[in-house]
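Read the structure below first, then the notes.
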Number of protein chains: 2
Amino acid sequence: MYLIIVYDIKVERVNKVKSFLRQNLYWIQNSVFEGEVTKSEYNYILSELKKIVDENEDSIIIYKFRTDNAMKKEIIGIEKSPIGEIL
Amino acid sequence: MYLIIVYDIKVERVNKVKSFLRQNLYWIQNSVFEGEVTKSEYNYILSELKKIVDENEDSIIIYKFRTDNAMKKEIIGIEKSPIGEIL
């Protein structure tokens with residue numbers, strides 16, 4: 001399945017979220033990640049994110065699609081190169 | 001069609017982007033809007049956003065779907081109520 005993850009995380013936890021997501025997905029914009037995952041990778045990502053965040057202060061939205069063919073993408077302005085983001 | 005718009009905009013322009021998008025879509029997370037639009041509404045949104053942003057400094061990603069049935073959504077933590085956001 002294909003994921004788009006957007007987050008709004010308090011500053012004290014944001015780097016932890018970002019570095020976890022970087023291991024699993026592509027960094028697309030300041031607080032947006034994307035990528036193709038298996039069902040078990042998805043479950044892993046979900047459970048790890050739940051451990052990191054404070055559910056009373058932070059917000060993460062995970063959009064799931066069967067494939068990335070389901071959506072088209074239009075970018076205005078700066079475009080991060082996902083390929084360069086293997087840090 | 002259904003849109004998810006995520007943005008990373010310099011502080012001097014972010015309120016302009018936010019208030020424009022609020023007129024047309026639902027505010028879902030700090031820098032995320034969603035909503036169903038017609039083709040002509042989509043074209044209007046795209047052209048207005050291009051007028052507001054600085055394409056060298058800002059970034060907006062517009063994800064387009066035929067319908068919102070194409071995606072499932074999982075939320076961790078705080079969830080904004082789209083219905084309350086008619087400001």
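Identifiers in the structure tokens: chain A, B, ... in order shown; residue index from 1 per chain; ligand index from 1 in order shown.
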Would you superpose chain A on chain B, least squares on all C-alpha atoms in order, and hand back the fitted chain as a PDB file with C-alpha atoms, in the first residue's frame?
```
ATOM      1  CA  MET A   1     -12.304  15.364  -7.248  1.00  0.00           C
ATOM      2  CA  TYR A   2     -10.878  15.169  -3.733  1.00  0.00           C
ATOM      3  CA  LEU A   3      -7.846  17.215  -2.665  1.00  0.00           C
ATOM      4  CA  ILE A   4      -5.328  17.007   0.125  1.00  0.00           C
ATOM      5  CA  ILE A   5      -3.124  20.088   0.252  1.00  0.00           C
ATOM      6  CA  VAL A   6      -0.010  20.275   2.424  1.00  0.00           C
ATOM      7  CA  TYR A   7       2.202  23.333   2.574  1.00  0.00           C
ATOM      8  CA  ASP A   8       5.403  24.702   3.971  1.00  0.00           C
ATOM      9  CA  ILE A   9       5.177  28.475   3.600  1.00  0.00           C
ATOM     10  CA  LYS A  10       7.388  31.270   4.944  1.00  0.00           C
ATOM     11  CA  VAL A  11       5.813  32.987   7.942  1.00  0.00           C
ATOM     12  CA  GLU A  12       5.143  36.261   6.082  1.00  0.00           C
ATOM     13  CA  ARG A  13       2.804  34.501   3.636  1.00  0.00           C
ATOM     14  CA  VAL A  14       1.406  31.611   5.638  1.00  0.00           C
ATOM     15  CA  ASN A  15      -1.705  33.397   6.912  1.00  0.00           C
ATOM     16  CA  LYS A  16      -2.649  34.437   3.414  1.00  0.00           C
ATOM     17  CA  VAL A  17      -2.405  30.843   2.211  1.00  0.00           C
ATOM     18  CA  LYS A  18      -4.329  29.575   5.236  1.00  0.00           C
ATOM     19  CA  SER A  19      -7.177  32.044   4.920  1.00  0.00           C
ATOM     20  CA  PHE A  20      -7.488  31.440   1.185  1.00  0.00           C
ATOM     21  CA  LEU A  21      -7.623  27.670   1.671  1.00  0.00           C
ATOM     22  CA  ARG A  22     -10.150  28.013   4.502  1.00  0.00           C
ATOM     23  CA  GLN A  23     -12.572  29.576   2.067  1.00  0.00           C
ATOM     24  CA  ASN A  24     -12.367  26.549  -0.189  1.00  0.00           C
ATOM     25  CA  LEU A  25     -11.441  23.471   1.845  1.00  0.00           C
ATOM     26  CA  TYR A  26     -11.442  22.030   5.359  1.00  0.00           C
ATOM     27  CA  TRP A  27      -8.580  22.670   7.726  1.00  0.00           C
ATOM     28  CA  ILE A  28      -7.398  19.245   8.902  1.00  0.00           C
ATOM     29  CA  GLN A  29      -4.071  19.843  10.590  1.00  0.00           C
ATOM     30  CA  ASN A  30      -1.678  22.753  11.113  1.00  0.00           C
ATOM     31  CA  SER A  31      -0.644  22.899   7.454  1.00  0.00           C
ATOM     32  CA  VAL A  32      -3.030  20.446   5.842  1.00  0.00           C
ATOM     33  CA  PHE A  33      -6.346  21.080   4.106  1.00  0.00           C
ATOM     34  CA  GLU A  34      -8.769  18.654   2.461  1.00  0.00           C
ATOM     35  CA  GLY A  35     -11.934  18.778   0.473  1.00  0.00           C
ATOM     36  CA  GLU A  36     -14.065  17.864  -2.500  1.00  0.00           C
ATOM     37  CA  VAL A  37     -13.842  20.331  -5.395  1.00  0.00           C
ATOM     38  CA  THR A  38     -14.946  20.582  -8.994  1.00  0.00           C
ATOM     39  CA  LYS A  39     -12.446  20.772 -11.824  1.00  0.00           C
ATOM     40  CA  SER A  40     -12.987  24.521 -12.114  1.00  0.00           C
ATOM     41  CA  GLU A  41     -12.615  25.052  -8.368  1.00  0.00           C
ATOM     42  CA  TYR A  42      -9.387  23.095  -8.555  1.00  0.00           C
ATOM     43  CA  ASN A  43      -8.073  25.304 -11.341  1.00  0.00           C
ATOM     44  CA  TYR A  44      -9.050  28.405  -9.364  1.00  0.00           C
ATOM     45  CA  ILE A  45      -7.296  27.145  -6.207  1.00  0.00           C
ATOM     46  CA  LEU A  46      -4.167  26.297  -8.169  1.00  0.00           C
ATOM     47  CA  SER A  47      -3.948  29.668  -9.880  1.00  0.00           C
ATOM     48  CA  GLU A  48      -4.648  31.649  -6.698  1.00  0.00           C
ATOM     49  CA  LEU A  49      -2.039  29.720  -4.725  1.00  0.00           C
ATOM     50  CA  LYS A  50       0.502  30.413  -7.452  1.00  0.00           C
ATOM     51  CA  LYS A  51      -0.200  34.127  -7.048  1.00  0.00           C
ATOM     52  CA  ILE A  52       0.254  34.061  -3.268  1.00  0.00           C
ATOM     53  CA  VAL A  53       3.395  31.968  -2.834  1.00  0.00           C
ATOM     54  CA  ASP A  54       7.027  32.638  -3.606  1.00  0.00           C
ATOM     55  CA  GLU A  55       7.965  29.579  -5.657  1.00  0.00           C
ATOM     56  CA  ASN A  56      11.616  29.915  -4.619  1.00  0.00           C
ATOM     57  CA  GLU A  57      10.883  29.830  -0.901  1.00  0.00           C
ATOM     58  CA  ASP A  58       7.561  28.073  -0.384  1.00  0.00           C
ATOM     59  CA  SER A  59       6.282  24.599  -1.124  1.00  0.00           C
ATOM     60  CA  ILE A  60       2.744  23.361  -1.670  1.00  0.00           C
ATOM     61  CA  ILE A  61       1.854  19.799  -2.573  1.00  0.00           C
ATOM     62  CA  ILE A  62      -1.606  19.059  -3.913  1.00  0.00           C
ATOM     63  CA  TYR A  63      -2.670  15.410  -3.927  1.00  0.00           C
ATOM     64  CA  LYS A  64      -5.649  14.741  -6.177  1.00  0.00           C
ATOM     65  CA  PHE A  65      -7.995  11.750  -6.091  1.00  0.00           C
ATOM     66  CA  ARG A  66     -11.037  10.870  -8.074  1.00  0.00           C
ATOM     67  CA  THR A  67     -12.998  10.472  -4.827  1.00  0.00           C
ATOM     68  CA  ASP A  68     -12.157  10.247  -1.154  1.00  0.00           C
ATOM     69  CA  ASN A  69     -13.048   6.539  -1.371  1.00  0.00           C
ATOM     70  CA  ALA A  70      -9.611   6.072  -2.911  1.00  0.00           C
ATOM     71  CA  MET A  71      -7.999   6.598   0.487  1.00  0.00           C
ATOM     72  CA  LYS A  72      -8.339   5.603   4.097  1.00  0.00           C
ATOM     73  CA  LYS A  73      -7.271   7.817   6.925  1.00  0.00           C
ATOM     74  CA  GLU A  74      -5.762   6.933  10.265  1.00  0.00           C
ATOM     75  CA  ILE A  75      -5.228   9.615  12.899  1.00  0.00           C
ATOM     76  CA  ILE A  76      -2.850   9.405  15.838  1.00  0.00           C
ATOM     77  CA  GLY A  77      -3.330  12.010  18.552  1.00  0.00           C
ATOM     78  CA  ILE A  78      -5.202  15.263  18.139  1.00  0.00           C
ATOM     79  CA  GLU A  79      -7.905  15.348  15.506  1.00  0.00           C
ATOM     80  CA  LYS A  80      -9.252  18.658  14.300  1.00  0.00           C
ATOM     81  CA  SER A  81     -12.948  18.693  13.651  1.00  0.00           C
ATOM     82  CA  PRO A  82     -13.431  19.829  10.051  1.00  0.00           C
ATOM     83  CA  ILE A  83     -17.029  20.753  10.812  1.00  0.00           C
ATOM     84  CA  GLY A  84     -15.983  23.335  13.379  1.00  0.00           C
ATOM     85  CA  GLU A  85     -13.616  25.082  11.016  1.00  0.00           C
ATOM     86  CA  ILE A  86     -15.953  27.392   9.150  1.00  0.00           C
ATOM     87  CA  LEU A  87     -14.141  30.592  10.056  1.00  0.00           C
TER      88      LEU A  87
END
```
Practice prompt. As a VMD selection string, list the residues of chain A assigned to strand (DSSP E or B) by DSSP on the backbone atoms of this structure.
Written response: chain A and resid 2 to 8 26 to 29 32 to 36 59 to 65 71 to 77
